[in-house]
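Here the structure comes first, spelled out in structure tokens, and everything after it is commentary.
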Amino acid sequence: MYMSNDNPRSIFEIPGAKEVAIETASFSKYAGFTGVRLGWTVVPKQLLFSDGSPIAKDFNRIVCTCFNGASNISQAGGLACLSPEGFKAMQEVIGFYKQNTEIIMETFNSLGFKVYGGTNAPYVWVHFPGRSSWDVFAEILEKTHVVTTPGSGFGPGGEGFIRVSAFGHRENVLEACRRFKQLYK
């Protein structure tokens, strides 16, 4: 996950948020930990049920009952990310994914598509007006062998869109973009 410098880094930077919000985050986006599944949740003590009792207490009970916790190797990786060296490495990785995002956006823009996103996350949303997102997904998969995500999988507002991920090796992103250009020229 990357954000422009003027965005809040936490919902709790917004006044009053501790009384109304729960924050969740994951290393999968911040550090490229895709597949490792290590994240965190912040439940402020100020967040209360309507009867005035703290939500954090019940949340903790649910989490402790349902989950055994993250593996030691995942936790060690998370701690490494939070070190000064790890943070520097994460910034370098973020820069790499930003470049991938720019390549994807430039590709679809050059083909006349409207694209959204890519500014604060490594995903580009491509609009295919009047088309089913599943049909576009299937077309791309069948004709280019590139996997995208149908926008409708994210809810009704995603219909007519596909989501393209910038997570990937540069040569794979360039090859996918070459195939997109060949398909939609």
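Numbering starts fresh at 1 for the residues of each chain in the structure tokens, the chains themselves are lettered A, B, ... in the order given, and ligands are numbered from 1 as they appear.
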Practice item. Pick out the residues sitting within 8 Å of Leu47 in chain A, and hand them over as a list in words; count only C-alpha atoms, and ignore anything fewer than 5 positions along from it in its own chain. Key: Lys18, Glu19, Val20, Ala21, Pro54, Ile55 and Ala56 of chain A
Keeping N, CA and C atoms, export the residues of the selection given above as a PDB file, in the first residue's frame.
```pdb
ATOM      1  N   LYS A  18     -11.448   7.785  17.058  1.00  0.00           N
ATOM      2  CA  LYS A  18     -11.315   6.755  18.092  1.00  0.00           C
ATOM      3  C   LYS A  18     -12.647   6.379  18.725  1.00  0.00           C
ATOM      4  N   GLU A  19     -13.647   7.215  18.558  1.00  0.00           N
ATOM      5  CA  GLU A  19     -14.965   6.913  19.111  1.00  0.00           C
ATOM      6  C   GLU A  19     -15.849   6.160  18.120  1.00  0.00           C
ATOM      7  N   VAL A  20     -15.416   6.054  16.861  1.00  0.00           N
ATOM      8  CA  VAL A  20     -16.306   5.465  15.847  1.00  0.00           C
ATOM      9  C   VAL A  20     -15.638   4.451  14.917  1.00  0.00           C
ATOM     10  N   ALA A  21     -14.325   4.246  14.987  1.00  0.00           N
ATOM     11  CA  ALA A  21     -13.648   3.447  13.960  1.00  0.00           C
ATOM     12  C   ALA A  21     -12.783   2.337  14.542  1.00  0.00           C
ATOM     13  N   PRO A  54     -16.864  -1.419  26.627  1.00  0.00           N
ATOM     14  CA  PRO A  54     -15.831  -1.292  25.592  1.00  0.00           C
ATOM     15  C   PRO A  54     -15.888  -2.425  24.562  1.00  0.00           C
ATOM     16  N   ILE A  55     -15.795  -2.067  23.318  1.00  0.00           N
ATOM     17  CA  ILE A  55     -15.768  -3.047  22.232  1.00  0.00           C
ATOM     18  C   ILE A  55     -14.456  -3.831  22.253  1.00  0.00           C
ATOM     19  N   ALA A  56     -13.361  -3.191  22.647  1.00  0.00           N
ATOM     20  CA  ALA A  56     -12.041  -3.827  22.615  1.00  0.00           C
ATOM     21  C   ALA A  56     -12.010  -5.121  23.422  1.00  0.00           C
TER      22      ALA A  56
END
```
Write out as a JSON list (two decimals) with C-alpha atoms, in the first residue's frame the set of residues from range 57-149 of chain A that DSSP, computed on the backbone, places in strand (DSSP E).
```json
[["chain", "number", "residue", "atom", "x", "y", "z"],
["A", 115, "VAL", "CA", -8.33, 4.27, -15.75],
["A", 116, "TYR", "CA", -8.72, 4.95, -12.07],
["A", 117, "GLY", "CA", -6.65, 4.25, -8.99],
["A", 123, "TYR", "CA", -4.11, -1.47, -8.41],
["A", 124, "VAL", "CA", -5.43, 0.07, -11.60],
["A", 125, "TRP", "CA", -9.15, 0.00, -12.37],
["A", 126, "VAL", "CA", -9.90, -0.06, -16.10],
["A", 127, "HIS", "CA", -13.37, 0.90, -17.30],
["A", 149, "THR", "CA", -9.86, -9.34, -11.37]]
```
**Study point:** Residue neighbourhood Leu38 in chain A, 7 Å, only C-alpha atoms, exclusion window fewer than 4 positions, as JSON, numbers by chain
**Key:** {"A": [26, 27, 70, 74]}
Practice item. Please identify all polymer residues within 12 Å of Phe87 in chain A, counting only C-alpha atoms, omitting same-chain residues fewer than 5 positions from it, and present them as a PyMOL selection string. Key: chain A and resi 27+30-31+77-82+92-94
Go ahead and save the picked residues with N, CA and C atoms, as a PDB file, in the first residue's frame.
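Saved the output as result_15.pdb:
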```
ATOM      1  N   PHE A  27       0.477  -6.410   6.279  1.00  0.00           N
ATOM      2  CA  PHE A  27       1.794  -6.309   5.670  1.00  0.00           C
ATOM      3  C   PHE A  27       1.768  -6.742   4.205  1.00  0.00           C
ATOM      4  N   TYR A  30       1.655  -3.328   2.483  1.00  0.00           N
ATOM      5  CA  TYR A  30       2.720  -2.420   2.899  1.00  0.00           C
ATOM      6  C   TYR A  30       4.101  -2.952   2.555  1.00  0.00           C
ATOM      7  N   ALA A  31       4.272  -4.276   2.642  1.00  0.00           N
ATOM      8  CA  ALA A  31       5.611  -4.835   2.495  1.00  0.00           C
ATOM      9  C   ALA A  31       5.707  -5.909   1.427  1.00  0.00           C
ATOM     10  N   GLY A  77       9.158 -11.663  10.277  1.00  0.00           N
ATOM     11  CA  GLY A  77       9.150 -10.844   9.064  1.00  0.00           C
ATOM     12  C   GLY A  77       8.509  -9.490   9.300  1.00  0.00           C
ATOM     13  N   GLY A  78       7.406  -9.473  10.050  1.00  0.00           N
ATOM     14  CA  GLY A  78       6.740  -8.211  10.373  1.00  0.00           C
ATOM     15  C   GLY A  78       7.631  -7.296  11.191  1.00  0.00           C
ATOM     16  N   LEU A  79       8.301  -7.871  12.185  1.00  0.00           N
ATOM     17  CA  LEU A  79       9.224  -7.065  12.997  1.00  0.00           C
ATOM     18  C   LEU A  79      10.362  -6.513  12.142  1.00  0.00           C
ATOM     19  N   ALA A  80      10.864  -7.329  11.229  1.00  0.00           N
ATOM     20  CA  ALA A  80      11.941  -6.857  10.347  1.00  0.00           C
ATOM     21  C   ALA A  80      11.466  -5.679   9.505  1.00  0.00           C
ATOM     22  N   CYS A  81      10.216  -5.718   9.063  1.00  0.00           N
ATOM     23  CA  CYS A  81       9.676  -4.605   8.266  1.00  0.00           C
ATOM     24  C   CYS A  81       9.623  -3.308   9.058  1.00  0.00           C
ATOM     25  N   LEU A  82       9.430  -3.431  10.361  1.00  0.00           N
ATOM     26  CA  LEU A  82       9.302  -2.240  11.198  1.00  0.00           C
ATOM     27  C   LEU A  82      10.646  -1.668  11.633  1.00  0.00           C
ATOM     28  N   GLU A  92      11.609   1.210  -0.989  1.00  0.00           N
ATOM     29  CA  GLU A  92      12.159   0.856  -2.303  1.00  0.00           C
ATOM     30  C   GLU A  92      11.184  -0.030  -3.077  1.00  0.00           C
ATOM     31  N   VAL A  93      10.581  -0.992  -2.385  1.00  0.00           N
ATOM     32  CA  VAL A  93       9.608  -1.884  -3.025  1.00  0.00           C
ATOM     33  C   VAL A  93       8.396  -1.086  -3.488  1.00  0.00           C
ATOM     34  N   ILE A  94       7.953  -0.156  -2.655  1.00  0.00           N
ATOM     35  CA  ILE A  94       6.811   0.690  -3.019  1.00  0.00           C
ATOM     36  C   ILE A  94       7.131   1.484  -4.285  1.00  0.00           C
TER      37      ILE A  94
END
```
Review point. If we count only C-alpha atoms, what is near Phe128 in chain A at a cut-off of 6 Å, once residues fewer than 3 positions away on the same chain are taken out, given as a VMD selection string?
Key: chain A and resid 131 160 to 161
Any chance you could export the current selection's C-alpha atoms as a PDB file, in the first residue's frame?
```
ATOM      1  CA  ARG A 131     -19.480  -4.626 -20.789  1.00  0.00           C
ATOM      2  CA  GLY A 160     -17.887  -2.738 -16.021  1.00  0.00           C
ATOM      3  CA  PHE A 161     -14.364  -2.593 -14.583  1.00  0.00           C
TER       4      PHE A 161
END
```
